[in-house]
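Comments concern the structure below.
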Amino acid sequence: MNKQEKARTPDKENPGTESVSTQFRGEIENLITQLQSALGDAIQGMDDRPAFTVGAEAALQALAEPLPDIGCGAQKSIEKLLQLNAAAAANTGGPKCFHFIIGGNTPAALAADILATAYETVTYTWIVSPVGVQMEIQALDWLKELFGLRSSMTGIMVTGATMANFVGLAAARQWWGEQQGIDISETGMTGLPQMPVLTSGFVHASTLKVLALQGIGRANVQKFCRDEFGRLDLSAMEQALNQLDGKPALIIVNAGEVNTGEFDPVKDMIRLARRHNCWVHADGAFGLFARISPRVAHLAEGIEEADSITVDGHKWLNVPFDSGYAFVRDHGLLSRAFRYSADYLPEENSPRPTLGAIGPESSRRARSFAVWATLKAYGRKGHRGIVEHCLDIAGHFAQQVEKHEQLEMMADVPLNIVAFRFNPGGLSEEQLDNLNEQLGEVIVTDGRFMAGTSKLGQRTIFRPAFSNWRTRRQDVEEFAEVVIELGRDLL
Ligand SMILES: Cc1ncc(COP(=O)(O)O)c(C=O)c1O
């Protein structure tokens, strides 16, 4: 083995010896210097870089290589990673990404998240990270205050709204079994009838996935819609509940639909649920943020009465991926649904909390660092400011759509999503659908902005969502112009 190879190989005979630790220590110092300048450029440059990197496929071919026998060393491997990122990363943290619902990072959240990784903080249980566990509890308490939820709800941090839905629905399923004298977490669902699940056409794909995973079944969901857009038919839902005659059921309230940002009638649904024997799960992945601003808080009025609530941090809280939160009214249901015990693990009722025993993950990163840091840094006012900035940006973009003759609004804008399409005039609905689908593809390959197409009823639309504090008025003005420019090219 030559000297260079030796330097890249931890001492196998004597792990933990001075040579290994000296080697790693030196590497870390170099890497921190390397990252300091690279990160500064990457983060500062986000505002000016396009949203998507043209030619990403070609650049990524470099990834297809065999596992190296002898590594190239940390510095070179990180250099390569930086190169690949420059050549093929979507600039999702930047101000021009309106696809899906993607937030940015506040500076405090970003720095705190880097610390969580650097400290290798694992927040399974208090004993492995007193600060991580206590900070998660504190940050969740602050989130409850921010969103006006009951302080008695139990919160848990997970990877995102999909997993927060998983937590809420696991608690719902446990409740439903117990209503019939069965502890589903112990004995499973064998012999139980199908679980009635009622919702509107606004239900999110992730909720259906969770229902599939929990043995409840996607196809078992009853959607009560009064129009092609999926709006709730409340009286049809009421009739179905009447027929259940007191049997326990699950109602899913959708607080924020992804195409338009419209809400189910939250208060009416919960009132209806309370007249029957129902668990209410509310998916407020991004819609719960309406509660922070008096301008839109009415949309989610009454949601605090739900039995379980989902919200995402990596959307409108502007903390790094992956970060979502579930809140559940009955702590006992969570601990029965996610019971996790073994002789070597902490006792269930230890005064030192074990967050891994009330949620789906055991080992888990300290998502709380970023959440706590951003709430501490900017407070309620700062985060209300972010939400209202995004509302203003959505309003400004809607004005651009109104202003340009070749753009057409396709729905009202209750929150932060603007449904619109390119419509040069003189085309049939079918032709317009085809044109906008093609335009969706062209926008991806153009790369200056990211915005995806969807279906609103029968029609193809764009549905840019604004949830990043970095987005400026000029960005959305330019976006409107780019859509028209690329649309005209297609014609
Ligand atoms: C209403 C709603 N629920 C759930 C999700 C899933 O969120 P995540 O990707 O964080 O799991 C989304 C994502 O857009 C959403 O909008």
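Going by the structure tokens order, chains are called A, B, ..., each with residues numbered from 1, while ligands are numbered from 1 in the order shown.
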### Query
What do you get as a ChimeraX atom specification if you pick all residues at most 8 Å from ligand 1, counting only C-alpha atoms and all ligand atoms?
/A:100-102,159-165,203-207,254-258,283-287,310-312,314-315,322-324
Those same residues - C-alpha atoms - I'd like them written as a tab-separated table (two decimals), in the first residue's frame.
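Output below, filename selection.tsv:
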chain	number	residue	atom	x	y	z
A	100	PHE	CA	-45.54	21.15	-5.90
A	101	ILE	CA	-45.54	23.10	-2.61
A	102	ILE	CA	-41.95	23.80	-1.67
A	159	THR	CA	-40.43	13.38	7.82
A	160	GLY	CA	-43.33	15.29	6.27
A	161	ALA	CA	-47.08	15.51	5.84
A	162	THR	CA	-47.32	11.97	4.42
A	163	MET	CA	-45.92	10.57	7.65
A	164	ALA	CA	-47.92	13.05	9.74
A	165	ASN	CA	-51.01	11.68	8.00
A	203	VAL	CA	-58.32	14.37	-0.39
A	204	HIS	CA	-54.56	14.29	-0.95
A	205	ALA	CA	-52.76	11.38	-2.63
A	206	SER	CA	-50.62	10.87	0.47
A	207	THR	CA	-53.69	10.20	2.61
A	254	ASN	CA	-58.82	18.67	3.74
A	255	ALA	CA	-57.55	22.05	4.83
A	256	GLY	CA	-55.91	23.18	1.61
A	257	GLU	CA	-56.35	21.49	-1.75
A	258	VAL	CA	-53.27	21.35	-3.97
A	283	ASP	CA	-54.74	17.45	6.65
A	284	GLY	CA	-53.41	20.99	6.89
A	285	ALA	CA	-50.03	20.26	5.29
A	286	PHE	CA	-49.82	23.83	4.04
A	287	GLY	CA	-53.33	25.09	4.83
A	310	THR	CA	-51.18	17.21	9.94
A	311	VAL	CA	-48.88	20.08	9.04
A	312	ASP	CA	-45.65	20.38	7.13
A	314	HIS	CA	-40.64	22.08	4.87
A	315	LYS	CA	-43.46	23.84	3.07
A	322	ASP	CA	-37.58	16.61	5.89
A	323	SER	CA	-39.87	18.06	8.51
A	324	GLY	CA	-43.56	17.45	9.22
Quick one: pick out all alpha helix (DSSP H) residues within region 439-474 of chain A from a backbone DSSP run and write them as a PDB file with C-alpha atoms, in the first residue's frame.
ATOM      1  CA  LEU A 439     -46.027  23.899 -22.298  1.00  0.00           C
ATOM      2  CA  GLY A 440     -45.557  22.166 -18.946  1.00  0.00           C
ATOM      3  CA  GLU A 441     -42.863  19.996 -20.506  1.00  0.00           C
ATOM      4  CA  VAL A 442     -41.219  22.977 -22.231  1.00  0.00           C
ATOM      5  CA  ILE A 443     -41.072  24.880 -18.936  1.00  0.00           C
ATOM      6  CA  VAL A 444     -39.141  21.972 -17.410  1.00  0.00           C
ATOM      7  CA  THR A 445     -36.618  21.885 -20.235  1.00  0.00           C
ATOM      8  CA  ASP A 446     -36.316  25.679 -20.327  1.00  0.00           C
ATOM      9  CA  ARG A 473     -42.477  40.379  -7.140  1.00  0.00           C
ATOM     10  CA  GLN A 474     -40.090  40.554 -10.074  1.00  0.00           C
TER      11      GLN A 474
END
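Comparing the minimum interatomic distances between Ala170 (chain A) and each of A:Leu213, A:Leu115, A:Ala88, A:Ala59, counting only C-alpha atoms, we find that A:Leu213 sits nearest.
The closest residue to Ser129 (chain A), picked from A:Arg336, A:Arg352, A:Lys376, A:His404 and counting only C-alpha atoms, is A:Arg352.
Using only C-alpha atoms, the smallest distance between any of A:Cys72, A:Leu149, A:Val401, A:Gly103 and Leu288 (chain A) comes from A:Leu149.
Nearest residue to Ser151 (chain A), choosing from A:Leu355, A:Ala342, A:Ile137, A:Val197 and counting only C-alpha atoms: A:Ile137.
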### Message
Need to verify the contact set: Asp330 (chain A), 10 Å, only C-alpha atoms, exclusion of same-chain residues closer than 2 positions in sequence. Can you return it as a PyMOL selection string?
### Response
chain A and resi 152-154+171-172+175+307-308+327-328+332-335
### Query
Near Thr92 (chain A), within 10 Å and counting only C-alpha atoms, which residues show up once chain neighbours fewer than 5 positions away are dropped, as number ranges by chain?
A: 46, 50-52, 97-99, 102-104, 449-450, 468
Any chance you can output those residues with N, CA and C atoms as a CSV table (one decimal), in the first residue's frame?
chain,number,residue,atom,x,y,z
A,46,MET,N,-28.6,31.4,-5.0
A,46,MET,CA,-29.9,30.8,-5.2
A,46,MET,C,-30.8,31.8,-6.0
A,50,PRO,N,-31.2,29.7,-12.3
A,50,PRO,CA,-32.5,29.2,-12.8
A,50,PRO,C,-33.0,28.1,-11.8
A,51,ALA,N,-34.3,27.9,-12.0
A,51,ALA,CA,-35.0,26.9,-11.1
A,51,ALA,C,-34.5,25.5,-11.4
A,52,PHE,N,-34.2,25.2,-12.6
A,52,PHE,CA,-33.9,23.8,-13.0
A,52,PHE,C,-32.7,23.8,-13.9
A,97,CYS,N,-39.0,28.5,-7.8
A,97,CYS,CA,-39.5,27.2,-7.9
A,97,CYS,C,-41.0,27.2,-7.3
A,98,PHE,N,-41.9,27.0,-8.2
A,98,PHE,CA,-43.3,27.1,-7.8
A,98,PHE,C,-44.1,25.8,-8.0
A,99,HIS,N,-43.3,24.7,-8.3
A,99,HIS,CA,-43.8,23.4,-8.5
A,99,HIS,C,-44.2,22.8,-7.1
A,102,ILE,N,-43.3,23.9,-2.2
A,102,ILE,CA,-41.9,23.8,-1.7
A,102,ILE,C,-41.5,25.1,-1.0
A,103,GLY,N,-41.1,25.1,0.2
A,103,GLY,CA,-40.7,26.3,0.9
A,103,GLY,C,-39.2,26.5,0.7
A,104,GLY,N,-38.7,27.6,1.2
A,104,GLY,CA,-37.2,27.8,1.3
A,104,GLY,C,-36.7,27.4,2.7
A,449,PHE,N,-37.9,28.6,-14.6
A,449,PHE,CA,-38.8,28.5,-13.5
A,449,PHE,C,-39.3,27.0,-13.4
A,450,MET,N,-39.8,26.7,-12.3
A,450,MET,CA,-40.4,25.4,-12.1
A,450,MET,C,-41.9,25.6,-11.7
A,468,ASN,N,-42.2,30.3,-0.4
A,468,ASN,CA,-40.8,30.6,-0.1
A,468,ASN,C,-40.6,32.0,0.1
